[in-house]
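Raw contents of work_18.txt, compact mmCIF, C-alpha atoms and all ligand atoms:
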```
# COMPACT_ATOMS: atom_id res chain seq x y z
CA MET Q 25 -4.18 -28.30 23.48
CA THR Q 26 -6.92 -25.75 22.90
CA ASP Q 27 -6.27 -23.34 20.07
CA ARG Q 28 -6.71 -19.92 21.59
CA ASN Q 29 -6.71 -18.33 18.10
CA GLN Q 30 -9.81 -20.38 17.28
CA THR Q 31 -11.46 -19.56 20.61
CA LEU Q 32 -10.88 -15.86 20.06
CA PHE Q 33 -12.01 -16.04 16.42
CA ASP Q 34 -15.27 -17.74 17.44
CA ARG Q 35 -15.82 -15.12 20.14
CA ALA Q 36 -14.96 -12.26 17.76
CA ALA Q 37 -17.41 -13.57 15.17
CA GLN Q 38 -20.23 -13.04 17.69
CA VAL Q 39 -19.61 -9.32 18.03
CA ILE Q 40 -17.60 -8.19 14.97
CA PRO Q 41 -18.76 -9.01 11.42
CA GLY Q 42 -16.67 -11.95 10.24
CA GLY Q 43 -14.65 -11.64 13.43
CA VAL Q 44 -12.35 -8.99 11.92
CA ASN Q 45 -12.22 -5.24 11.40
CA SER Q 46 -10.78 -5.47 7.87
CA PRO Q 47 -11.80 -8.34 5.57
CA VAL Q 48 -8.47 -9.83 4.42
CA ARG Q 49 -7.55 -10.57 8.06
CA ALA Q 50 -10.24 -13.28 8.14
CA PHE Q 51 -8.18 -15.75 6.03
CA ARG Q 52 -11.18 -16.26 3.71
CA ALA Q 53 -8.94 -16.62 0.63
CA VAL Q 54 -6.64 -19.25 2.17
CA GLY Q 55 -8.93 -20.89 4.73
CA GLY Q 56 -8.01 -21.70 8.31
CA THR Q 57 -7.97 -19.67 11.50
CA PRO Q 58 -6.57 -16.13 11.64
CA ARG Q 59 -3.76 -15.64 14.13
CA PHE Q 60 -4.68 -13.25 16.92
CA VAL Q 61 -1.62 -11.21 17.76
CA GLN Q 62 -0.60 -10.97 21.38
CA ARG Q 63 2.51 -8.86 20.96
CA ALA Q 64 5.23 -8.04 18.48
CA GLN Q 65 8.89 -7.12 18.67
CA GLY Q 66 11.33 -6.41 15.86
CA ALA Q 67 10.65 -8.76 12.94
CA TYR Q 68 8.42 -11.10 14.96
CA PHE Q 69 5.01 -11.41 16.49
CA TRP Q 70 3.49 -13.97 18.85
CA ASP Q 71 -0.04 -15.27 18.46
CA ALA Q 72 -2.60 -16.16 21.11
CA ASN Q 73 -1.04 -19.63 21.53
CA GLY Q 74 2.37 -18.06 22.15
CA GLN Q 75 3.59 -19.25 18.73
CA LYS Q 76 6.27 -17.02 17.19
CA TYR Q 77 6.25 -15.90 13.53
CA ILE Q 78 8.60 -13.98 11.26
CA ASP Q 79 6.34 -11.16 10.12
CA TYR Q 80 6.33 -10.20 6.41
CA ILE Q 81 3.16 -8.13 6.64
CA GLY Q 82 4.27 -5.51 9.13
CA SER Q 83 0.76 -4.10 9.45
CA TRP Q 84 0.56 -4.13 5.60
CA GLY Q 85 3.61 -1.94 5.25
CA PRO Q 86 3.85 0.68 8.02
CA MET Q 87 6.30 -1.19 10.29
CA ILE Q 88 9.37 -0.47 8.17
CA LEU Q 89 11.58 -0.25 11.27
CA GLY Q 90 10.14 -3.44 12.74
CA HIS Q 91 7.90 -3.57 15.79
CA GLY Q 92 8.73 -1.64 18.94
CA HIS Q 93 11.63 0.41 17.59
CA PRO Q 94 13.13 2.13 20.68
CA ALA Q 95 13.24 5.68 19.24
CA VAL Q 96 9.67 5.44 17.99
CA LEU Q 97 8.41 4.00 21.26
CA GLU Q 98 10.06 6.79 23.19
CA ALA Q 99 8.59 9.49 20.93
CA VAL Q 100 5.10 8.00 21.21
CA GLN Q 101 5.26 7.68 24.99
CA LYS Q 102 6.53 11.24 25.35
CA ALA Q 103 3.82 12.59 23.04
CA ALA Q 104 1.10 10.68 24.90
CA LEU Q 105 2.13 12.29 28.17
CA ASP Q 106 1.62 15.72 26.60
CA GLY Q 107 -1.93 14.92 25.49
CA PHE Q 108 -3.73 12.65 23.03
CA SER Q 109 -5.62 15.12 20.91
CA PHE Q 110 -6.37 18.83 20.97
CA GLY Q 111 -8.39 19.77 17.91
CA ALA Q 112 -5.96 22.68 17.57
CA PRO Q 113 -2.70 22.90 15.59
CA THR Q 114 0.65 21.71 16.96
CA GLU Q 115 4.27 22.33 15.95
CA ARG Q 116 4.82 18.63 15.23
CA GLU Q 117 2.34 18.76 12.34
CA ILE Q 118 4.60 21.35 10.66
CA GLU Q 119 7.66 19.21 11.33
CA LEU Q 120 6.04 16.14 9.80
CA ALA Q 121 4.81 18.11 6.77
CA GLU Q 122 8.32 19.55 6.28
CA GLU Q 123 9.90 16.11 6.61
CA ILE Q 124 7.54 14.64 4.00
CA LEU Q 125 8.05 17.51 1.53
CA LYS Q 126 11.83 17.35 1.94
CA HIS Q 127 11.90 13.81 0.54
CA VAL Q 128 9.08 14.06 -2.01
CA PRO Q 129 9.75 17.35 -3.82
CA SER Q 130 6.80 17.02 -6.25
CA MET Q 131 4.71 18.21 -3.30
CA GLU Q 132 4.87 21.80 -2.06
CA MET Q 133 2.09 21.41 0.48
CA VAL Q 134 0.53 18.47 2.26
CA ARG Q 135 -2.63 17.91 4.29
CA LEU Q 136 -2.59 15.30 7.06
CA VAL Q 137 -5.53 12.93 7.55
CA SER Q 138 -6.11 9.66 9.41
CA SER Q 139 -6.37 6.88 6.81
CA GLY Q 140 -5.35 6.08 3.27
CA THR Q 141 -8.99 5.84 2.30
CA GLU Q 142 -9.59 9.36 3.54
CA ALA Q 143 -6.50 10.64 1.76
CA GLY Q 144 -7.42 9.01 -1.57
CA MET Q 145 -11.02 10.17 -1.39
CA SER Q 146 -9.94 13.72 -0.57
CA ALA Q 147 -7.29 13.77 -3.30
CA LEU Q 148 -9.93 12.76 -5.83
CA ARG Q 149 -12.30 15.50 -4.63
CA LEU Q 150 -9.50 18.04 -4.86
CA ALA Q 151 -8.52 16.87 -8.36
CA ARG Q 152 -12.13 17.27 -9.44
CA GLY Q 153 -12.49 20.62 -7.67
CA ALA Q 154 -9.22 21.96 -9.07
CA THR Q 155 -9.95 20.97 -12.68
CA GLY Q 156 -13.71 21.49 -12.65
CA ARG Q 157 -14.07 18.04 -14.24
CA ASN Q 158 -15.77 14.90 -12.92
CA LYS Q 159 -14.52 11.92 -14.89
CA PHE Q 160 -11.32 10.12 -13.96
CA ILE Q 161 -9.33 7.02 -14.79
CA LYS Q 162 -8.28 4.26 -12.44
CA PHE Q 163 -6.76 0.86 -13.20
CA GLU Q 164 -7.99 -2.64 -12.57
CA GLY Q 165 -6.18 -4.18 -9.58
CA CYS Q 166 -5.21 -0.84 -8.03
CA TYR Q 167 -6.79 -0.17 -4.64
CA HIS Q 168 -7.30 3.39 -3.49
CA GLY Q 169 -9.27 2.80 -0.30
CA HIS Q 170 -12.98 2.12 0.05
CA ALA Q 171 -14.54 5.45 -0.93
CA ASP Q 172 -17.65 4.92 -3.10
CA ALA Q 173 -16.31 6.35 -6.37
CA LEU Q 174 -13.18 4.18 -6.11
CA LEU Q 175 -14.86 0.80 -5.54
CA VAL Q 176 -15.22 0.05 -9.20
CA LYS Q 177 -14.43 -2.74 -11.60
CA ALA Q 178 -14.12 -2.50 -15.35
CA GLY Q 179 -17.28 -2.36 -17.42
CA SER Q 180 -17.94 -4.71 -20.31
CA GLY Q 181 -16.15 -2.86 -23.10
CA LEU Q 182 -12.88 -1.02 -23.56
CA ALA Q 183 -13.03 2.56 -22.26
CA THR Q 184 -16.51 2.15 -20.82
CA PHE Q 185 -17.35 3.34 -17.35
CA GLY Q 186 -17.24 0.96 -14.43
CA ASN Q 187 -19.55 -1.07 -12.22
CA PRO Q 188 -19.56 -0.95 -8.41
CA THR Q 189 -17.56 -3.72 -6.68
CA SER Q 190 -19.56 -3.34 -3.49
CA ALA Q 191 -23.23 -3.46 -2.63
CA GLY Q 192 -24.35 -0.08 -1.38
CA VAL Q 193 -22.48 1.89 -4.03
CA PRO Q 194 -25.07 3.44 -6.36
CA PRO Q 195 -24.21 3.06 -10.07
CA GLU Q 196 -24.56 6.87 -10.45
CA VAL Q 197 -21.64 7.36 -8.07
CA VAL Q 198 -19.25 5.36 -10.25
CA ARG Q 199 -20.66 6.67 -13.53
CA ASP Q 200 -17.63 8.92 -13.94
CA THR Q 201 -15.03 6.31 -13.00
CA LEU Q 202 -13.26 4.83 -16.01
CA VAL Q 203 -11.47 1.56 -15.22
CA LEU Q 204 -8.63 0.52 -17.53
CA GLU Q 205 -6.17 -2.35 -17.71
CA TYR Q 206 -2.87 -1.61 -15.95
CA ASN Q 207 0.12 -1.24 -18.28
CA ASN Q 208 -2.11 -1.10 -21.37
CA ILE Q 209 -0.99 1.93 -23.41
CA THR Q 210 -3.55 1.38 -26.20
CA ALA Q 211 -6.49 1.44 -23.74
CA LEU Q 212 -5.09 4.57 -22.12
CA GLU Q 213 -4.72 6.37 -25.45
CA GLU Q 214 -8.21 5.36 -26.48
CA ALA Q 215 -9.68 6.60 -23.19
CA PHE Q 216 -7.96 9.97 -23.58
CA ALA Q 217 -9.06 10.22 -27.20
CA LEU Q 218 -12.68 9.69 -26.13
CA HIS Q 219 -12.80 11.55 -22.81
CA GLY Q 220 -9.57 13.57 -22.51
CA LYS Q 221 -11.21 16.98 -22.11
CA GLU Q 222 -13.49 15.71 -19.34
CA LEU Q 223 -10.89 13.91 -17.24
CA ALA Q 224 -10.01 15.37 -13.83
CA CYS Q 225 -7.22 12.88 -13.19
CA VAL Q 226 -5.57 9.55 -13.66
CA MET Q 227 -5.17 7.84 -10.30
CA ILE Q 228 -2.57 5.10 -10.16
CA GLU Q 229 -0.52 2.96 -7.81
CA PRO Q 230 2.84 3.42 -9.59
CA ILE Q 231 4.14 0.20 -8.06
CA ALA Q 232 0.90 -1.62 -7.40
CA GLY Q 233 0.82 -3.45 -4.08
CA ASN Q 234 -2.80 -4.49 -4.05
CA MET Q 235 -2.47 -6.99 -6.89
CA ASN Q 236 0.59 -8.50 -5.28
CA PHE Q 237 3.53 -6.50 -6.74
CA VAL Q 238 3.24 -5.12 -10.26
CA ARG Q 239 5.22 -2.18 -11.61
CA ALA Q 240 3.82 0.27 -14.08
CA SER Q 241 6.22 -0.05 -17.02
CA VAL Q 242 8.33 2.98 -17.84
CA PRO Q 243 6.73 3.42 -21.31
CA PHE Q 244 3.27 3.18 -19.72
CA MET Q 245 4.10 5.74 -17.03
CA THR Q 246 5.65 8.01 -19.66
CA ARG Q 247 2.38 7.90 -21.63
CA CYS Q 248 0.32 8.53 -18.48
CA ARG Q 249 2.36 11.67 -17.83
CA GLU Q 250 2.25 12.89 -21.45
CA LEU Q 251 -1.47 12.34 -21.89
CA CYS Q 252 -2.37 13.98 -18.58
CA THR Q 253 -0.26 17.04 -19.42
CA GLU Q 254 -1.68 17.24 -22.95
CA HIS Q 255 -5.29 17.10 -21.77
CA GLY Q 256 -5.04 19.12 -18.55
CA ALA Q 257 -5.76 16.12 -16.32
CA LEU Q 258 -3.86 15.61 -13.07
CA LEU Q 259 -1.62 12.58 -12.57
CA VAL Q 260 -2.36 11.38 -9.03
CA PHE Q 261 0.09 8.88 -7.51
CA ASP Q 262 -1.45 6.73 -4.83
CA GLU Q 263 1.66 5.98 -2.81
CA VAL Q 264 -0.16 4.94 0.35
CA MET Q 265 1.72 1.65 0.14
CA SER Q 266 4.80 2.50 -1.93
CA GLY Q 267 5.48 5.87 -0.28
CA PHE Q 268 8.62 5.79 1.93
CA ARG Q 269 8.50 1.99 1.46
CA VAL Q 270 10.16 1.40 -1.91
CA ALA Q 271 12.59 4.34 -1.57
CA LEU Q 272 13.02 7.41 0.62
CA GLY Q 273 11.73 9.49 -2.30
CA SER Q 274 8.88 7.00 -2.78
CA ALA Q 275 8.01 5.29 -6.10
CA GLN Q 276 8.05 8.63 -7.93
CA SER Q 277 11.79 8.89 -7.32
CA VAL Q 278 12.20 5.49 -9.01
CA TYR Q 279 10.33 6.76 -12.12
CA ALA Q 280 12.15 10.10 -12.05
CA LYS Q 281 15.39 8.15 -12.50
CA ALA Q 282 14.03 6.47 -15.63
CA ILE Q 283 12.04 9.40 -17.06
CA PRO Q 284 13.88 12.76 -17.09
CA GLY Q 285 11.96 15.50 -15.26
CA PHE Q 286 9.17 13.12 -14.27
CA LYS Q 287 6.82 13.98 -11.41
CA PRO Q 288 3.16 13.36 -10.57
CA ASP Q 289 0.80 16.29 -9.92
CA MET Q 290 -0.54 14.96 -6.66
CA THR Q 291 0.57 12.28 -4.21
CA VAL Q 292 -1.39 10.24 -1.69
CA LEU Q 293 0.48 8.80 1.30
CA GLY Q 294 -0.33 6.60 4.30
CA LYS Q 295 1.01 3.46 5.96
CA VAL Q 296 4.78 4.19 6.55
CA ILE Q 297 4.27 7.92 7.22
CA GLY Q 298 2.25 6.95 10.31
CA GLY Q 299 4.73 4.29 11.44
CA GLY Q 300 1.81 2.12 12.59
CA MET Q 301 -0.47 4.90 13.85
CA PRO Q 302 -3.57 6.13 12.00
CA LEU Q 303 -2.03 8.80 9.79
CA ALA Q 304 -2.12 9.52 6.06
CA ALA Q 305 -1.71 12.53 3.80
CA PHE Q 306 -2.19 13.97 0.36
CA GLY Q 307 -0.23 16.74 -1.28
CA GLY Q 308 0.83 18.53 -4.42
CA PRO Q 309 1.77 21.94 -5.81
CA ARG Q 310 0.81 25.03 -3.79
CA GLU Q 311 -1.57 26.16 -6.52
CA ILE Q 312 -3.64 22.97 -6.28
CA MET Q 313 -3.43 22.53 -2.50
CA SER Q 314 -4.57 26.12 -1.94
CA LYS Q 315 -7.93 25.14 -3.36
CA LEU Q 316 -8.60 23.20 -0.13
CA ALA Q 317 -10.63 24.68 2.72
CA PRO Q 318 -10.02 27.05 4.47
CA THR Q 319 -8.19 28.85 1.62
CA GLY Q 320 -10.22 27.36 -1.22
CA PRO Q 321 -13.63 25.95 -2.14
CA VAL Q 322 -12.86 22.20 -1.80
CA TYR Q 323 -14.04 21.05 1.62
CA GLN Q 324 -12.05 18.60 3.71
CA ALA Q 325 -11.65 18.26 7.50
CA GLY Q 326 -10.91 15.84 10.35
CA THR Q 327 -11.31 15.81 14.14
CA LEU Q 328 -8.20 13.67 14.62
CA SER Q 329 -6.21 14.93 11.60
CA GLY Q 330 -2.59 15.58 12.54
CA ASN Q 331 -3.08 13.75 15.83
CA PRO Q 332 -0.15 14.54 18.16
CA VAL Q 333 0.65 10.93 19.09
CA ALA Q 334 0.36 9.73 15.48
CA THR Q 335 2.56 12.56 14.19
CA ALA Q 336 5.20 11.73 16.81
CA CYS Q 337 5.20 8.13 15.61
CA GLY Q 338 5.31 9.07 11.92
CA LEU Q 339 7.91 11.81 12.29
CA THR Q 340 10.31 9.61 14.25
CA THR Q 341 9.84 6.78 11.74
CA LEU Q 342 10.63 9.09 8.81
CA ARG Q 343 13.71 10.49 10.55
CA GLU Q 344 15.00 6.98 11.23
CA ILE Q 345 14.57 5.84 7.62
CA ALA Q 346 16.31 8.99 6.34
CA LYS Q 347 19.55 8.01 8.10
CA PRO Q 348 22.56 7.17 5.90
CA GLY Q 349 22.78 3.56 4.80
CA PHE Q 350 19.21 2.67 5.74
CA TRP Q 351 17.95 2.06 2.20
CA ASP Q 352 21.00 0.16 0.98
CA ALA Q 353 20.67 -2.24 3.90
CA LEU Q 354 16.89 -2.67 3.59
CA SER Q 355 17.05 -3.15 -0.19
CA ALA Q 356 19.84 -5.72 0.14
CA ARG Q 357 17.86 -7.66 2.76
CA THR Q 358 14.73 -7.69 0.61
CA GLN Q 359 16.73 -8.70 -2.46
CA SER Q 360 18.31 -11.58 -0.57
CA LEU Q 361 14.84 -12.84 0.41
CA VAL Q 362 13.66 -12.66 -3.19
CA ASP Q 363 16.83 -14.36 -4.47
CA GLY Q 364 16.59 -17.05 -1.79
CA LEU Q 365 12.95 -17.83 -2.54
CA THR Q 366 13.63 -17.86 -6.28
CA GLY Q 367 16.51 -20.31 -5.78
CA ALA Q 368 14.46 -22.57 -3.49
CA ALA Q 369 11.55 -22.65 -5.97
CA ALA Q 370 13.90 -23.46 -8.86
CA ALA Q 371 15.50 -26.27 -6.87
CA ALA Q 372 12.04 -27.77 -6.30
CA GLY Q 373 10.95 -27.21 -9.92
CA VAL Q 374 8.13 -24.83 -8.92
CA PRO Q 375 7.23 -22.12 -11.48
CA PHE Q 376 8.11 -18.89 -9.73
CA SER Q 377 8.77 -15.22 -10.39
CA ALA Q 378 9.48 -12.40 -7.96
CA ASP Q 379 10.29 -8.71 -7.83
CA CYS Q 380 11.14 -6.15 -5.16
CA GLN Q 381 11.98 -2.51 -4.59
CA GLY Q 382 13.32 -1.15 -1.31
CA GLY Q 383 11.46 -2.94 1.47
CA MET Q 384 8.54 -4.22 -0.60
CA PHE Q 385 8.38 -7.49 -2.55
CA GLY Q 386 6.03 -9.78 -4.39
CA PHE Q 387 6.23 -13.30 -5.74
CA PHE Q 388 4.06 -15.34 -8.04
CA LEU Q 389 3.67 -19.05 -8.71
CA LEU Q 390 3.98 -18.11 -12.37
CA PRO Q 391 7.01 -18.47 -14.66
CA GLU Q 392 6.95 -14.76 -15.59
CA LEU Q 393 6.06 -11.57 -13.73
CA PRO Q 394 2.48 -10.58 -14.58
CA GLN Q 395 1.83 -7.07 -15.95
CA ASN Q 396 -1.82 -6.64 -15.00
CA TYR Q 397 -4.58 -7.85 -12.69
CA ALA Q 398 -6.01 -10.51 -15.03
CA LYS Q 399 -2.54 -12.10 -15.31
CA VAL Q 400 -2.00 -11.94 -11.54
CA MET Q 401 -5.25 -13.81 -11.06
CA THR Q 402 -4.07 -16.67 -13.31
CA SER Q 403 -1.80 -17.70 -10.38
CA ASP Q 404 -2.50 -21.18 -9.05
CA SER Q 405 -4.55 -20.38 -5.99
CA PRO Q 406 -4.79 -23.88 -4.39
CA LYS Q 407 -1.00 -24.08 -4.70
CA PHE Q 408 -0.60 -20.63 -3.12
CA ASN Q 409 -2.87 -21.64 -0.24
CA LYS Q 410 -0.76 -24.72 0.37
CA LEU Q 411 2.37 -22.58 0.35
CA PHE Q 412 0.76 -20.06 2.70
CA HIS Q 413 -0.20 -22.69 5.27
CA GLY Q 414 3.13 -24.46 4.97
CA LEU Q 415 4.93 -21.22 5.73
CA LEU Q 416 2.54 -20.40 8.56
CA ASP Q 417 3.05 -23.81 10.17
CA GLY Q 418 6.79 -23.22 9.82
CA GLY Q 419 6.56 -19.86 11.63
CA VAL Q 420 6.61 -17.56 8.61
CA TYR Q 421 3.71 -15.12 8.25
CA ILE Q 422 3.00 -13.76 4.75
CA ALA Q 423 -0.17 -12.11 3.46
CA PRO Q 424 -3.13 -14.53 3.44
CA ALA Q 425 -4.00 -13.92 -0.23
CA LEU Q 426 -2.05 -14.24 -3.48
CA TYR Q 427 -2.93 -10.70 -4.58
CA GLU Q 428 -1.08 -9.00 -1.70
CA ALA Q 429 2.50 -7.70 -1.53
CA GLY Q 430 5.02 -8.49 1.20
CA PHE Q 431 7.22 -6.30 3.38
CA VAL Q 432 10.67 -6.61 4.89
CA SER Q 433 11.67 -4.37 7.79
CA ALA Q 434 15.00 -3.08 9.03
CA ALA Q 435 14.63 -5.52 11.95
CA HIS Q 436 14.73 -8.60 9.69
CA THR Q 437 18.16 -10.22 9.96
CA GLU Q 438 20.01 -12.39 7.47
CA ALA Q 439 19.23 -15.28 9.83
CA ASP Q 440 15.49 -14.51 9.54
CA ILE Q 441 15.78 -14.50 5.76
CA ALA Q 442 17.75 -17.76 5.78
CA GLU Q 443 15.16 -19.42 8.04
CA THR Q 444 12.35 -18.18 5.78
CA VAL Q 445 14.06 -19.55 2.68
CA ARG Q 446 14.69 -22.87 4.46
CA VAL Q 447 11.00 -23.24 5.43
CA ALA Q 448 9.87 -22.17 1.95
CA GLY Q 449 12.26 -24.69 0.38
CA GLU Q 450 10.63 -27.49 2.38
CA VAL Q 451 7.15 -26.38 1.34
CA PHE Q 452 8.10 -25.93 -2.33
CA LYS Q 453 9.10 -29.62 -2.41
CA THR Q 454 5.51 -30.57 -1.54
CA LEU Q 455 3.81 -28.38 -4.19
C1 LIG U 1 -3.74 0.64 2.12
C2 LIG U 1 -4.02 1.43 0.89
C3 LIG U 1 -5.05 2.38 0.83
C4 LIG U 1 -6.05 2.54 1.94
O1 LIG U 1 -5.47 2.96 3.14
P1 LIG U 1 -6.26 2.70 4.52
O2 LIG U 1 -5.40 3.37 5.53
O3 LIG U 1 -6.38 1.22 4.67
O4 LIG U 1 -7.60 3.34 4.37
C5 LIG U 1 -5.16 3.17 -0.29
N1 LIG U 1 -4.32 3.02 -1.33
C6 LIG U 1 -3.33 2.12 -1.32
C7 LIG U 1 -2.41 2.03 -2.49
C8 LIG U 1 -3.17 1.27 -0.23
O5 LIG U 1 -2.21 0.34 -0.25
```

Translate this file's structure into structure tokens.
Amino acid sequence: MTDRNQTLFDRAAQVIPGGVNSPVRAFRAVGGTPRFVQRAQGAYFWDANGQKYIDYIGSWGPMILGHGHPAVLEAVQKAALDGFSFGAPTEREIELAEEILKHVPSMEMVRLVSSGTEAGMSALRLARGATGRNKFIKFEGCYHGHADALLVKAGSGLATFGNPTSAGVPPEVVRDTLVLEYNNITALEEAFALHGKELACVMIEPIAGNMNFVRASVPFMTRCRELCTEHGALLVFDEVMSGFRVALGSAQSVYAKAIPGFKPDMTVLGKVIGGGMPLAAFGGPREIMSKLAPTGPVYQAGTLSGNPVATACGLTTLREIAKPGFWDALSARTQSLVDGLTGAAAAAGVPFSADCQGGMFGFFLLPELPQNYAKVMTSDSPKFNKLFHGLLDGGVYIAPALYEAGFVSAAHTEADIAETVRVAGEVFKTL
């Protein structure tokens, strides 16, 4: 039988760099042939060979309702009939903004954009414009999109400024980006002691989903908040992945439960708020957001921002996930996956640790949950690759790299979870 995935991948490689439009899709980390998706429904998708998979990527998070949710489909089709794009405001943009603010009260205003990268880049510009400062802190292993100033890895010493992680990013552009170890309070305190008065913001993934799944500890987050407040720097939560994914109130609601009165100064959103369409956002207090054009001096714009079809998709998705019982059910389903995998690994004697929140999970072939990027990267990568391909051959599709999180949707059934755990159990025995 010819493998149509391979045929398509070869053809794609002739006209698209690496055959893909976003690098991780190319399976470079795990080897093998990427699956070309033909169609998807609920918790499943079918590849170019007609092979069915249980999908734990869900477009890297957005498909929290599963694929082809009837209410979302209807809203998108209806919106499309009324026009694709106007370059003029629409009522639905207000509705989506109001819906977002209702659930994430740290924000009083929000600006809609088209990608998480755009939202993160714009939030950083606004933080710099609002504070009149240039330097900022980010953490190793956190991804904030591919804007120049954010593609940075740690420099050689503690609290030194970073080096570009991509060719084409001039060192000058990342000169003001300080890269620290995640969950390291000492490094954070040292950085503030040295640069506190010059820091525009601390940008963080509160529950990091781009180094698999790593939570900022409560003491670490408490210190982030205290030091930012003390030094007049803004605490910027990049919740592009965690927003409306780990809880209706996003990751900040999880920290607000543990830290009385806690809230970030600014929030960056994407993924779920678009429900699978190109839509993202950033927001914060009125005072900060008013500094954006046209009311303020910080420029930001977008031809397709607040796109009417994308807002229909996002708004309907948010209304569905705000319904009573949604989060209890989703959290229970995700927890049962994590428990099942943990049990199967233990039965096979495979070192394993896992964590989850709401509809997002991560697991490691490590005996204990790692607290930072360096620890995540000590995972046994040949073993992970074997696990990945074993699952794939068994019809279970997880992220093709050990530093990515996983996602459960409302369409995943207990039977899907049981089948996943069964397949994983078989593969664990071979590791
Ligand atoms: C996905 C992601 C981004 C980038 O969003 P794009 O829409 O891919 O540009 C930024 N930050 C975080 C935390 C993300 O997970």

What residues have any atom no more than 8 Å from ligand LIG 1 (chain U) when counting all atoms listed in the file, and can you list them as an MDAnalysis selection string? chainID Q and resid 84 138:144 166:170 229 232:234 262:266 292:295 302:304

Do you know which residues are at most 6 Å from range 29-43 of chain Q counting only C-alpha atoms, after dropping those on the same chain fewer than 6 positions away, and could you put them as an MDAnalysis selection string? chainID Q and resid 59:60 72

Can I get the selection written as a PDB file, in the coordinates of the input, with C-alpha atoms?
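Output (result29.pdb):
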```pdb
ATOM      1  CA  ARG Q  59      -3.760 -15.640  14.130  1.00  0.00           C
ATOM      2  CA  PHE Q  60      -4.680 -13.250  16.920  1.00  0.00           C
ATOM      3  CA  ALA Q  72      -2.600 -16.160  21.110  1.00  0.00           C
TER       4      ALA Q  72
END
```

Pick from Q:Cys252, Q:Ala434, Q:Ala211, Q:Met145, whichever lies nearest to Ala353 in chain Q using only C-alpha atoms: Q:Ala434

Between CA of Lys281 in chain Q and CA of Ala429 in chain Q, what distance in Å does the model show, to one decimal? 23.2 Å

Please report the interatomic distance between CA of Ser314 in chain Q and CA of Arg157 in chain Q in Å with one decimal.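 For CA of Ser314 in chain Q relative to CA of Arg157 in chain Q, the distance reads 17.5 Å.
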
Contacts of Val242 in chain Q at 10 Å or less, counting all atoms listed in the file, minus same-chain residues fewer than 6 places along, as a VMD selection string? chain Q and resid 207 230 248 278 to 280 282 to 283

Long-range neighbours of Ala378 in chain Q as an MDAnalysis selection string, 10 Å cut-off, all atoms listed in the file, 4 positions minimum in chain: chainID Q and resid 237:238 359 361:363 365:366 385:394

Restricting the output to C-alpha atoms, write the selected residues as a compact mmCIF listing (two decimals), keeping the file's coordinate frame.
```txt
# COMPACT_ATOMS: atom_id res chain seq x y z
CA PHE Q 237 3.53 -6.50 -6.74
CA VAL Q 238 3.24 -5.12 -10.26
CA GLN Q 359 16.73 -8.70 -2.46
CA LEU Q 361 14.84 -12.84 0.41
CA VAL Q 362 13.66 -12.66 -3.19
CA ASP Q 363 16.83 -14.36 -4.47
CA LEU Q 365 12.95 -17.83 -2.54
CA THR Q 366 13.63 -17.86 -6.28
CA PHE Q 385 8.38 -7.49 -2.55
CA GLY Q 386 6.03 -9.78 -4.39
CA PHE Q 387 6.23 -13.30 -5.74
CA PHE Q 388 4.06 -15.34 -8.04
CA LEU Q 389 3.67 -19.05 -8.71
CA LEU Q 390 3.98 -18.11 -12.37
CA PRO Q 391 7.01 -18.47 -14.66
CA GLU Q 392 6.95 -14.76 -15.59
CA LEU Q 393 6.06 -11.57 -13.73
CA PRO Q 394 2.48 -10.58 -14.58
```

Work out how far apart CA of Ser83 in chain Q and CA of Leu416 in chain Q are and give it in Å to one decimal.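 Separation of CA of Ser83 in chain Q and CA of Leu416 in chain Q: 16.4 Å.
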
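Residues with any atom within 7 Å of Cys337 in chain Q, counting all atoms listed in the file and excluding same-chain neighbours fewer than 2 positions away, are Val96, Ala99, Val100, Gly298, Gly299, Met301, Val333, Ala334, Thr335, Leu339, Thr340 and Thr341 of chain Q.
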
Using all atoms listed in the file, which residues sit within 8 Å of Thr114 in chain Q once same-chain residues fewer than 3 positions away are excluded, as number ranges by chain? Q: 117-118, 332

Given the choices Q:Glu222, Q:Asp417, Q:Glu428, Q:Glu122, which gets closest to Ala448 in chain Q if the distance is worked out from all atoms listed in the file?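 Among the listed residues, Q:Asp417 lies closest to Ala448 in chain Q.
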
Of the candidates Q:Gln276, Q:Gln381, Q:Asn236, Q:Thr454, which shows the shortest atom-to-atom distance to Ala425 in chain Q, using all atoms listed in the file?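 The closest residue to Ala425 in chain Q is Q:Asn236.
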
Compare Q:Ala171, Q:Cys380, Q:Ala325, Q:Leu202 by their minimum atom-to-atom distance to Ser190 in chain Q, counting all atoms listed in the file, and give me the closest one.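 Nearest to Ser190 in chain Q: Q:Ala171.
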
Closest to Val54 in chain Q among Q:Ala423, Q:Ala240, Q:Val203, Q:Leu174, using only C-alpha atoms? Q:Ala423

Between Q:Asp200, Q:Asp172, Q:Glu98, Q:Glu311, which is the closest to Pro188 in chain Q once you count all atoms listed in the file?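 Under the stated criterion, the closest residue is Q:Asp172.
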
Can you tell me, as a VMD selection string, which residues sit within 12 Å of (15.5, -5.6, 11.3) in the file's frame, using only C-alpha atoms? chain Q and resid 65 to 68 78 to 80 82 87 to 93 350 353 to 358 383 431 to 441

So which residues fall inside 12 Å of (-6.3, 14.5, -2.8) if we count all atoms listed in the file? Mind giving them as a PyMOL selection string? chain Q and resi 131+133-137+140-154+168+224-227+258-264+289-293+304-309+312-316+322-324
